[in-house]
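One file, input.txt, carrying compact mmCIF, C-alpha atoms:
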# COMPACT_ATOMS: atom_id res chain seq x y z
CA MET A 1 -7.02 6.05 27.17
CA GLU A 2 -5.36 9.12 28.60
CA LYS A 3 -5.45 11.91 26.10
CA ASN A 4 -3.49 15.07 25.86
CA GLN A 5 -5.75 17.72 24.33
CA ASN A 6 -2.84 19.75 22.97
CA VAL A 7 -1.27 17.22 20.68
CA SER A 8 0.39 18.95 17.74
CA ARG A 9 -0.79 18.47 14.17
CA ALA A 10 2.59 16.95 13.28
CA VAL A 11 2.04 14.17 15.85
CA ILE A 12 -1.55 13.59 14.69
CA GLN A 13 -0.39 13.24 11.12
CA ARG A 14 2.10 10.55 12.12
CA LEU A 15 -0.54 8.41 13.87
CA PRO A 16 -2.10 7.03 10.65
CA ARG A 17 1.36 6.05 9.43
CA TYR A 18 2.07 4.22 12.69
CA TYR A 19 -1.28 2.51 12.43
CA ARG A 20 -0.76 1.48 8.81
CA HIS A 21 2.68 -0.02 9.42
CA LEU A 22 1.64 -1.72 12.64
CA SER A 23 -1.45 -3.23 11.01
CA GLU A 24 0.80 -4.71 8.34
CA LEU A 25 3.09 -6.21 10.98
CA LYS A 26 0.07 -7.62 12.78
CA GLU A 27 -1.14 -9.27 9.57
CA GLN A 28 2.31 -10.78 9.18
CA GLY A 29 1.91 -12.35 12.62
CA GLU A 30 4.40 -10.12 14.46
CA GLU A 31 3.63 -9.59 18.15
CA ARG A 32 6.12 -7.07 19.54
CA ILE A 33 8.22 -4.25 18.17
CA SER A 34 10.83 -1.94 19.65
CA SER A 35 10.68 1.81 19.13
CA ARG A 36 14.06 1.49 17.37
CA LYS A 37 12.74 -1.01 14.82
CA LEU A 38 9.53 0.96 14.25
CA ALA A 39 11.64 4.10 13.82
CA GLU A 40 13.69 2.38 11.11
CA MET A 41 10.54 1.35 9.24
CA LEU A 42 9.19 4.88 9.31
CA GLY A 43 12.35 6.90 8.84
CA LEU A 44 11.98 8.53 12.28
CA THR A 45 14.03 8.36 15.47
CA ALA A 46 13.16 6.02 18.33
CA SER A 47 13.01 8.98 20.68
CA GLN A 48 10.53 10.74 18.40
CA ILE A 49 8.28 7.71 18.45
CA ARG A 50 8.45 7.37 22.24
CA GLN A 51 7.62 11.07 22.56
CA ASP A 52 4.65 10.70 20.21
CA PHE A 53 3.29 7.71 22.12
CA ASN A 54 3.80 9.52 25.41
CA CYS A 55 1.27 12.13 24.25
CA PHE A 56 -1.28 9.35 24.67
CA GLY A 57 -0.09 7.77 27.86
CA GLY A 58 2.76 5.64 26.53
CA PHE A 59 1.51 2.19 25.42
CA GLY A 60 3.62 0.02 27.71
CA GLN A 61 7.18 -0.56 28.70
CA GLN A 62 9.77 0.17 26.11
CA GLY A 63 12.31 -2.30 27.51
CA TYR A 64 10.22 -5.21 26.29
CA GLY A 65 9.18 -3.54 23.07
CA TYR A 66 5.61 -2.54 22.38
CA SER A 67 2.80 -5.03 21.96
CA ILE A 68 1.67 -4.58 18.36
CA ASP A 69 -1.87 -5.61 19.24
CA LYS A 70 -2.09 -3.05 22.01
CA LEU A 71 -0.60 -0.34 19.83
CA CYS A 72 -3.10 -1.04 17.06
CA GLU A 73 -6.00 -1.01 19.49
CA GLY A 74 -4.76 2.17 21.13
CA LEU A 75 -4.33 3.92 17.81
CA GLU A 76 -7.77 2.79 16.64
CA GLU A 77 -9.21 4.30 19.77
CA ILE A 78 -7.26 7.55 19.52
CA LEU A 79 -8.06 7.99 15.85
CA GLY A 80 -11.68 6.98 16.44
CA LEU A 81 -11.67 4.32 13.75
CA LYS A 82 -14.24 2.11 15.46
CA GLN A 83 -16.99 4.70 15.78
CA GLU A 84 -18.62 3.86 12.44
CA ARG A 85 -18.79 7.35 11.14
CA THR A 86 -20.54 8.01 7.87
CA ALA A 87 -19.62 9.84 4.68
CA VAL A 88 -21.17 11.09 1.46
CA LEU A 89 -19.19 11.72 -1.68
CA VAL A 90 -19.90 14.75 -3.84
CA GLY A 91 -18.64 14.56 -7.43
CA ALA A 92 -18.66 11.13 -9.08
CA GLY A 93 -16.20 11.95 -11.86
CA ASN A 94 -13.07 9.89 -12.40
CA LEU A 95 -11.55 10.67 -9.02
CA GLY A 96 -14.83 10.17 -7.18
CA ARG A 97 -15.38 6.85 -8.94
CA ALA A 98 -11.83 5.77 -8.18
CA LEU A 99 -12.51 6.32 -4.47
CA ILE A 100 -15.92 4.61 -4.57
CA LYS A 101 -14.51 1.58 -6.37
CA ASN A 102 -11.14 1.14 -4.77
CA PHE A 103 -10.85 2.99 -1.50
CA ASN A 104 -11.58 1.06 1.66
CA PHE A 105 -13.60 3.58 3.67
CA GLU A 106 -14.53 1.01 6.32
CA SER A 107 -10.98 0.26 7.39
CA ASN A 108 -10.48 3.99 7.85
CA GLY A 109 -13.39 4.49 10.18
CA PHE A 110 -16.10 5.49 7.72
CA ARG A 111 -19.08 3.98 5.96
CA LEU A 112 -19.73 5.58 2.59
CA LEU A 113 -23.49 6.07 2.31
CA CYS A 114 -24.09 7.62 -1.06
CA ALA A 115 -22.57 9.65 -3.92
CA PHE A 116 -23.87 12.71 -5.75
CA ASP A 117 -23.25 14.21 -9.16
CA SER A 118 -24.85 16.67 -11.55
CA ASP A 119 -24.07 14.64 -14.68
CA ARG A 120 -27.15 12.83 -15.97
CA MET A 121 -24.95 10.07 -17.38
CA ALA A 122 -23.63 9.34 -13.89
CA ILE A 123 -26.86 9.66 -11.90
CA GLY A 124 -28.57 6.38 -11.09
CA HIS A 125 -25.48 4.27 -11.61
CA GLY A 126 -24.22 2.04 -8.85
CA MET A 127 -20.65 1.05 -8.02
CA ASN A 128 -19.53 -1.10 -5.16
CA GLY A 129 -23.01 -0.86 -3.61
CA ILE A 130 -23.03 2.95 -3.79
CA THR A 131 -25.64 4.70 -5.94
CA VAL A 132 -24.94 8.05 -7.58
CA ARG A 133 -27.83 10.46 -6.92
CA ASP A 134 -28.73 13.82 -8.38
CA VAL A 135 -26.77 16.55 -6.60
CA SER A 136 -30.04 18.49 -6.23
CA GLU A 137 -30.96 15.94 -3.56
CA LEU A 138 -27.69 16.42 -1.65
CA TYR A 139 -28.71 18.83 1.10
CA GLY A 140 -32.03 17.09 1.72
CA TYR A 141 -30.15 13.82 2.05
CA VAL A 142 -27.66 15.38 4.47
CA ASP A 143 -30.51 16.84 6.58
CA GLN A 144 -32.15 13.44 6.80
CA ASN A 145 -29.20 11.04 7.09
CA LYS A 146 -26.76 13.28 8.95
CA PRO A 147 -23.49 11.93 7.53
CA ASP A 148 -20.43 12.97 9.55
CA ILE A 149 -18.25 14.03 6.64
CA ALA A 150 -18.36 14.80 2.95
CA VAL A 151 -15.74 13.78 0.41
CA LEU A 152 -15.37 16.62 -2.10
CA THR A 153 -14.34 15.46 -5.56
CA VAL A 154 -16.02 18.27 -7.48
CA PRO A 155 -14.31 20.85 -9.73
CA ALA A 156 -12.34 23.41 -7.72
CA ASP A 157 -14.57 26.35 -8.56
CA CYS A 158 -17.66 24.69 -7.04
CA ALA A 159 -15.85 23.70 -3.86
CA PRO A 160 -16.25 26.76 -1.60
CA GLN A 161 -20.01 27.09 -2.12
CA ILE A 162 -20.76 23.39 -1.72
CA ALA A 163 -18.56 23.30 1.37
CA ARG A 164 -20.40 26.22 2.98
CA GLU A 165 -23.80 24.68 2.22
CA LEU A 166 -22.75 21.30 3.55
CA VAL A 167 -21.57 22.90 6.79
CA ALA A 168 -24.84 24.84 7.05
CA HIS A 169 -26.60 21.48 6.76
CA GLY A 170 -24.58 19.97 9.58
CA ILE A 171 -21.58 18.29 7.94
CA ARG A 172 -18.83 17.99 10.53
CA GLY A 173 -15.73 17.44 8.44
CA LEU A 174 -14.55 17.67 4.84
CA TRP A 175 -12.12 15.53 2.89
CA ASN A 176 -11.27 17.93 0.14
CA PHE A 177 -9.72 16.69 -3.11
CA THR A 178 -10.53 19.78 -5.15
CA GLY A 179 -7.06 21.32 -4.93
CA GLN A 180 -8.66 24.49 -3.61
CA ASP A 181 -7.83 24.97 0.05
CA LEU A 182 -10.93 25.30 2.20
CA HIS A 183 -10.53 27.00 5.54
CA LEU A 184 -13.47 26.33 7.78
CA GLU A 185 -11.53 26.12 11.02
CA ASN A 186 -13.19 29.31 12.26
CA LEU A 187 -16.47 27.41 12.01
CA GLY A 188 -14.94 24.56 13.99
CA ILE A 189 -15.11 22.27 10.96
CA PRO A 190 -11.96 20.24 10.28
CA VAL A 191 -10.90 19.98 6.65
CA GLU A 192 -8.28 17.69 5.19
CA ASN A 193 -7.10 19.30 1.98
CA VAL A 194 -5.47 16.77 -0.35
CA HIS A 195 -2.80 18.31 -2.56
CA PHE A 196 -1.39 15.88 -5.09
CA SER A 197 1.03 18.59 -6.20
CA ASP A 198 2.80 18.75 -2.82
CA ASN A 199 3.65 15.14 -3.24
CA LEU A 200 4.89 15.43 -6.81
CA MET A 201 7.05 18.45 -6.01
CA THR A 202 8.66 16.52 -3.16
CA LEU A 203 9.44 13.77 -5.65
CA CYS A 204 10.83 16.33 -8.09
CA TYR A 205 13.20 17.57 -5.38
CA GLN A 206 14.33 14.06 -4.54
CA VAL A 207 14.97 13.14 -8.19
CA ASN A 208 17.12 16.25 -8.53
CA GLN A 209 19.00 15.42 -5.35
CA SER A 210 19.67 11.84 -6.40
CA GLU A 211 20.96 13.13 -9.74
CA GLN A 212 23.32 15.56 -8.03
CA ASN A 213 24.55 12.87 -5.66
CA ASN A 214 25.37 10.64 -8.63
CA MET A 215 27.37 13.30 -10.45
CA MET B 1 21.52 28.99 -4.57
CA GLU B 2 23.37 27.75 -1.53
CA LYS B 3 22.16 24.31 -0.64
CA ASN B 4 22.46 22.30 2.49
CA GLN B 5 22.71 18.63 1.50
CA ASN B 6 21.33 17.41 4.80
CA VAL B 7 17.94 19.02 4.76
CA SER B 8 15.45 16.88 6.66
CA ARG B 9 12.48 15.26 4.98
CA ALA B 10 10.14 17.31 7.16
CA VAL B 11 11.59 20.53 5.73
CA ILE B 12 11.44 19.22 2.15
CA GLN B 13 7.80 18.32 2.60
CA ARG B 14 7.00 21.86 3.70
CA LEU B 15 8.59 23.44 0.61
CA PRO B 16 5.71 22.59 -1.77
CA ARG B 17 3.27 24.07 0.71
CA TYR B 18 5.28 27.28 0.89
CA TYR B 19 5.45 27.37 -2.87
CA ARG B 20 1.73 26.78 -3.30
CA HIS B 21 0.70 29.51 -0.88
CA LEU B 22 3.28 31.99 -2.18
CA SER B 23 2.22 31.37 -5.78
CA GLU B 24 -1.34 32.20 -4.78
CA LEU B 25 -0.22 35.43 -3.12
CA LYS B 26 1.78 36.31 -6.21
CA GLU B 27 -1.28 35.79 -8.40
CA GLN B 28 -3.20 38.10 -6.08
CA GLY B 29 -0.58 40.78 -6.74
CA GLU B 30 1.11 40.66 -3.33
CA GLU B 31 4.80 41.59 -3.32
CA ARG B 32 6.16 41.05 0.17
CA ILE B 33 5.32 38.88 3.14
CA SER B 34 6.63 38.58 6.68
CA SER B 35 7.55 35.22 8.19
CA ARG B 36 4.86 35.93 10.81
CA LYS B 37 2.12 36.35 8.21
CA LEU B 38 3.27 33.32 6.22
CA ALA B 39 3.36 31.31 9.44
CA GLU B 40 -0.26 32.25 10.14
CA MET B 41 -1.33 31.12 6.67
CA LEU B 42 0.38 27.78 7.08
CA GLY B 43 -0.27 27.06 10.74
CA LEU B 44 3.45 27.11 11.56
CA THR B 45 5.60 29.42 13.68
CA ALA B 46 7.57 32.31 12.19
CA SER B 47 10.76 30.89 13.68
CA GLN B 48 10.10 27.53 12.01
CA ILE B 49 9.74 29.24 8.65
CA ARG B 50 12.94 31.26 9.08
CA GLN B 51 14.78 28.08 10.07
CA ASP B 52 13.46 26.27 7.01
CA PHE B 53 14.50 29.09 4.67
CA ASN B 54 17.91 29.26 6.33
CA CYS B 55 18.56 25.69 5.14
CA PHE B 56 18.72 27.25 1.68
CA GLY B 57 20.65 30.40 2.40
CA GLY B 58 17.85 32.55 3.79
CA PHE B 59 16.01 34.44 1.00
CA GLY B 60 16.65 37.98 2.16
CA GLN B 61 16.25 40.20 5.18
CA GLN B 62 13.43 39.38 7.48
CA GLY B 63 13.02 42.95 8.77
CA TYR B 64 11.56 44.03 5.45
CA GLY B 65 9.62 40.83 4.92
CA TYR B 66 10.43 38.43 2.13
CA SER B 67 10.02 39.29 -1.54
CA ILE B 68 7.33 36.89 -2.76
CA ASP B 69 8.82 36.87 -6.26
CA LYS B 70 12.25 35.92 -4.96
CA LEU B 71 10.82 33.26 -2.67
CA CYS B 72 8.85 31.70 -5.53
CA GLU B 73 11.89 31.72 -7.80
CA GLY B 74 14.09 30.29 -5.07
CA LEU B 75 11.63 27.53 -4.29
CA GLU B 76 11.23 26.70 -8.00
CA GLU B 77 14.99 26.35 -8.22
CA ILE B 78 15.32 24.27 -5.04
CA LEU B 79 12.45 21.99 -6.00
CA GLY B 80 13.71 21.79 -9.59
CA LEU B 81 10.37 22.76 -11.09
CA LYS B 82 11.88 24.43 -14.17
CA GLN B 83 13.88 21.46 -15.38
CA GLU B 84 11.10 20.09 -17.60
CA ARG B 85 11.24 16.58 -16.33
CA THR B 86 9.10 13.94 -17.99
CA ALA B 87 6.66 11.35 -16.73
CA VAL B 88 4.71 8.33 -17.93
CA LEU B 89 1.55 7.11 -16.25
CA VAL B 90 0.93 3.40 -15.77
CA GLY B 91 -2.69 2.40 -15.19
CA ALA B 92 -5.37 4.46 -16.94
CA GLY B 93 -8.26 3.42 -14.72
CA ASN B 94 -10.42 5.98 -12.93
CA LEU B 95 -7.61 7.40 -10.84
CA GLY B 96 -5.17 7.47 -13.75
CA ARG B 97 -7.73 9.20 -15.94
CA ALA B 98 -8.51 11.70 -13.19
CA LEU B 99 -4.83 12.66 -13.11
CA ILE B 100 -4.50 12.81 -16.91
CA LYS B 101 -7.58 14.98 -17.24
CA ASN B 102 -7.34 17.27 -14.25
CA PHE B 103 -3.87 17.32 -12.77
CA ASN B 104 -1.54 20.06 -13.93
CA PHE B 105 1.74 18.18 -14.34
CA GLU B 106 3.45 21.14 -16.01
CA SER B 107 3.06 23.51 -13.08
CA ASN B 108 4.64 20.84 -10.90
CA GLY B 109 7.79 20.43 -12.98
CA PHE B 110 6.74 17.52 -15.21
CA ARG B 111 5.54 16.92 -18.73
CA LEU B 112 3.31 13.85 -18.99
CA LEU B 113 4.37 11.99 -22.13
CA CYS B 114 2.12 9.00 -22.36
CA ALA B 115 -0.14 6.60 -20.45
CA PHE B 116 -0.29 2.80 -20.44
CA ASP B 117 -2.96 0.28 -19.61
CA SER B 118 -3.73 -3.39 -20.20
CA ASP B 119 -7.46 -2.86 -20.80
CA ARG B 120 -8.32 -3.04 -24.49
CA MET B 121 -11.20 -0.63 -23.96
CA ALA B 122 -8.78 2.01 -22.71
CA ILE B 123 -5.92 1.48 -25.19
CA GLY B 124 -5.85 3.91 -28.09
CA HIS B 125 -7.98 6.50 -26.36
CA GLY B 126 -6.71 10.04 -25.94
CA MET B 127 -7.40 12.49 -23.12
CA ASN B 128 -5.97 15.93 -22.73
CA GLY B 129 -3.47 15.19 -25.52
CA ILE B 130 -2.28 11.97 -23.87
CA THR B 131 -2.77 8.65 -25.62
CA VAL B 132 -3.24 5.41 -23.69
CA ARG B 133 -0.93 2.71 -25.09
CA ASP B 134 -0.77 -1.02 -24.54
CA VAL B 135 1.19 -1.76 -21.37
CA SER B 136 3.17 -4.35 -23.36
CA GLU B 137 4.92 -1.38 -25.00
CA LEU B 138 5.79 0.25 -21.67
CA TYR B 139 9.38 -0.87 -21.15
CA GLY B 140 10.32 -0.34 -24.81
CA TYR B 141 8.88 3.15 -24.57
CA VAL B 142 10.84 3.85 -21.38
CA ASP B 143 14.07 2.58 -22.99
CA GLN B 144 13.55 4.87 -25.95
CA ASN B 145 12.08 8.01 -24.37
CA LYS B 146 13.79 7.90 -20.99
CA PRO B 147 11.08 9.52 -18.88
CA ASP B 148 12.31 10.66 -15.46
CA ILE B 149 9.46 9.29 -13.40
CA ALA B 150 6.49 6.95 -13.58
CA VAL B 151 3.10 7.58 -12.02
CA LEU B 152 1.78 4.27 -10.73
CA THR B 153 -2.01 4.04 -10.74
CA VAL B 154 -2.21 0.27 -11.20
CA PRO B 155 -3.81 -2.25 -8.79
CA ALA B 156 -1.71 -2.73 -5.65
CA ASP B 157 -0.74 -6.33 -6.41
CA CYS B 158 0.93 -5.38 -9.72
CA ALA B 159 2.87 -2.51 -8.17
CA PRO B 160 6.08 -4.15 -6.89
CA GLN B 161 6.86 -5.98 -10.12
CA ILE B 162 6.12 -3.04 -12.41
CA ALA B 163 8.17 -0.79 -10.13
CA ARG B 164 11.18 -3.13 -10.25
CA GLU B 165 10.97 -3.42 -14.05
CA LEU B 166 10.65 0.34 -14.48
CA VAL B 167 13.73 0.90 -12.33
CA ALA B 168 15.63 -1.75 -14.31
CA HIS B 169 14.70 0.25 -17.42
CA GLY B 170 16.08 3.47 -15.99
CA ILE B 171 13.13 5.19 -14.27
CA ARG B 172 14.48 7.58 -11.66
CA GLY B 173 11.51 8.20 -9.42
CA LEU B 174 8.05 6.81 -8.68
CA TRP B 175 4.84 8.56 -7.74
CA ASN B 176 2.99 5.67 -6.23
CA PHE B 177 -0.79 5.77 -5.80
CA THR B 178 -1.25 2.04 -5.38
CA GLY B 179 -1.55 2.12 -1.60
CA GLN B 180 1.21 -0.48 -1.43
CA ASP B 181 4.39 1.06 -0.04
CA LEU B 182 7.33 0.65 -2.39
CA HIS B 183 10.76 0.90 -0.87
CA LEU B 184 13.40 1.41 -3.51
CA GLU B 185 15.61 3.72 -1.49
CA ASN B 186 18.33 1.06 -1.36
CA LEU B 187 18.42 1.34 -5.16
CA GLY B 188 18.71 5.11 -4.85
CA ILE B 189 15.26 5.58 -6.40
CA PRO B 190 13.00 8.06 -4.61
CA VAL B 191 9.39 7.03 -4.21
CA GLU B 192 6.49 9.18 -3.09
CA ASN B 193 3.87 6.86 -1.71
CA VAL B 194 0.42 8.45 -1.68
CA HIS B 195 -1.79 7.16 1.10
CA PHE B 196 -5.30 8.52 0.97
CA SER B 197 -6.04 6.67 4.18
CA ASP B 198 -3.52 8.68 6.23
CA ASN B 199 -5.44 11.75 5.32
CA LEU B 200 -8.86 10.34 6.12
CA MET B 201 -7.71 8.98 9.49
CA THR B 202 -6.36 12.41 10.39
CA LEU B 203 -9.79 13.82 9.55
CA CYS B 204 -11.44 11.12 11.64
CA TYR B 205 -9.32 12.16 14.62
CA GLN B 206 -10.17 15.82 14.14
CA VAL B 207 -13.91 15.15 13.86
CA ASN B 208 -13.74 13.22 17.12
CA GLN B 209 -11.80 15.99 18.79
CA SER B 210 -14.21 18.70 17.65
CA GLU B 211 -17.10 16.59 18.99
CA GLN B 212 -15.43 16.20 22.38
CA ASN B 213 -14.65 19.91 22.53
CA ASN B 214 -18.31 20.69 21.90
CA MET B 215 -19.57 18.41 24.66
Taking this structure as input, can you express it in the form of structure tokens?
Amino acid sequence: MEKNQNVSRAVIQRLPRYYRHLSELKEQGEERISSRKLAEMLGLTASQIRQDFNCFGGFGQQGYGYSIDKLCEGLEEILGLKQERTAVLVGAGNLGRALIKNFNFESNGFRLLCAFDSDRMAIGHGMNGITVRDVSELYGYVDQNKPDIAVLTVPADCAPQIARELVAHGIRGLWNFTGQDLHLENLGIPVENVHFSDNLMTLCYQVNQSEQNNM
Amino acid sequence: MEKNQNVSRAVIQRLPRYYRHLSELKEQGEERISSRKLAEMLGLTASQIRQDFNCFGGFGQQGYGYSIDKLCEGLEEILGLKQERTAVLVGAGNLGRALIKNFNFESNGFRLLCAFDSDRMAIGHGMNGITVRDVSELYGYVDQNKPDIAVLTVPADCAPQIARELVAHGIRGLWNFTGQDLHLENLGIPVENVHFSDNLMTLCYQVNQSEQNNM
């Protein structure tokens, strides 16, 4: 797979959406799709999609439509979903438990190894094959098992210190649900900050717009 | 506030991020910011930011930097955060409870009125001033109290039917955490589909990239 090292963040962020929609089409037994049709599904333009795919060498002739199988495989390779990376989860409160119970880490390229919490009521409990351990064992566990990333579902005020310690112990990426932005790019550590509020505000805007359009 | 009706979704999705970062600066006592500085914070270009703001009439002279207060106020107005919209939450499992307990609906333009679940163990319980009611009362409650939006934290397979019913009962927007895309745009109902996986795949890509850069 030919890769362009300078792919913009905007393009990268579209890749999972392509992959998700294409995987659904594949499950439905579809074999080919045109950039126009895919654009319609995603609310983009066909030219945008062709440009995005061209960052990674194209994926075949557009005249015949794209092979969905090839696209899925290509995206899996680009995103690195088949590398069996590993994750630990820190903070087994409601949100942490929701992820342990319901989120499919495997289909997103990760195996969840273990969860950690400081709450005695949570420690020792298992969910979905994942045991919650005492957070005091976290850094020792990371030293020994070398997970690739940590999922942070701790209270916001603990986030910066835990993040720094995890990085010092070799964590290579953070999936941060704490609502507190963590900037570790200067350490070369990618962080995905999840902000539920961004999403809700976007909805708020759209509800207002639809109201105004109906007046 | 001058509004351009044809603002692209990409611009809309950046507005909450602007608002979030500017609110933080405001709390820190900052008064003015240049588009260049804001661009650095957000990983965008200054010209991009000026273009985005121009969709809404500009927000003042760039030579002096933007007034953070004015920007925050303008964004609150554009996003409609001060309109005291109301929400109900459907599905008080782990994720639903995490939102009820920890998510600040008010600072995002919404008042959470009530939660619903089908689990007898959950019904009747209160968290953060919100009572969980029997889901059989949901549509009656919506008829009577006319919440603006519903937060969907139910299992994916229930999502389409509950969404359709809610819309039939007058719900005007959906914040959908079920992982199952809901498309109600043809009904004029905005939906924000939250996909945790998009985020994790983006992180997967970045971890791979940082590994390759270090080789």
Quiz item: Could you list, as a PyMOL selection string, every residue of chain B that has an atom within 7 Å of an atom of chain A, counting all atoms listed in the file?
Solution: chain B and resi 12-13+16-17+79-80+94-95+97-98+108+172-173+175+188+190-192+197-208+210
Practice problem: May I have the residues within 9 Å of Leu112 (chain A) as a list of chain:residue names, using only C-alpha atoms and disregarding those fewer than 2 positions away in the same chain? | Solution: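 Counting only the stated atoms, we get A:Arg85, A:Thr86, A:Ala87, A:Val88, A:Leu89, A:Ile100, A:Phe105, A:Glu106, A:Phe110, A:Cys114, A:Ala115, A:Ile130, A:Pro147.
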Self-check item: Pairwise distance for CA of Arg164 (chain A) and CA of Val11 (chain A), rounded to one decimal in Å
Solution: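 Spanning CA of Arg164 (chain A) to CA of Val11 (chain A) is a straight-line distance of 28.5 Å.
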Practice problem: List the neighbours of Val154 (chain A) out to 8 Å using all atoms listed in the file; skip same-chain residues closer than 4 positions along the sequence, and give me the result as a list in words. | Solution: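 Counting only the stated atoms, we get Val90, Gly91, Ala92, Gly93, Cys158, Ala159, Phe177 and Thr178 of chain A.
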Quiz item: If you count all atoms listed in the file, which residues fall within 7 Å of region 33-42 of chain A, apart from same-chain ones fewer than 6 positions away, as JSON, numbers by chain?
Solution: {"A": [49, 50, 62, 65, 66, 67, 68]}
Quiz item: What does the distance between CA of Leu182 (chain A) and CA of Pro160 (chain A) come to in Å, to one decimal place?
Solution: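 Taking CA of Leu182 (chain A) and CA of Pro160 (chain A), their separation equals 6.7 Å.
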Quiz item: Separation of CA of Ala46 (chain B) and CA of Glu27 (chain B), in Å?
Solution: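 One can read the CA of Ala46 (chain B) to CA of Glu27 (chain B) distance as 22.7 Å.
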Quiz prompt | Nearest residue to Asp69 (chain A) from the set A:Asn128, A:Ser23, A:Gln212, A:Thr153 (distances using only C-alpha atoms) | solution = A:Ser23
Practice problem: Go through B:Ile123, B:Ile171, B:Cys55, B:Val7 and flag the residue nearest Tyr141 (chain B), using only C-alpha atoms for the distances. | Solution: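 Smallest distance to Tyr141 (chain B) is found for B:Ile171.
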Quiz prompt | Distance query 12 Å from (7.3, -5.5, -21.4) using all atoms listed in the file, result as a list in words | solution = Phe116, Asp117, Ser118, Asp134, Val135, Ser136, Glu137, Leu138, Tyr139, Gly140, Tyr141, Val142, Asp143, Gln161, Ile162, Glu165, Leu166, Ala168 and His169 of chain B
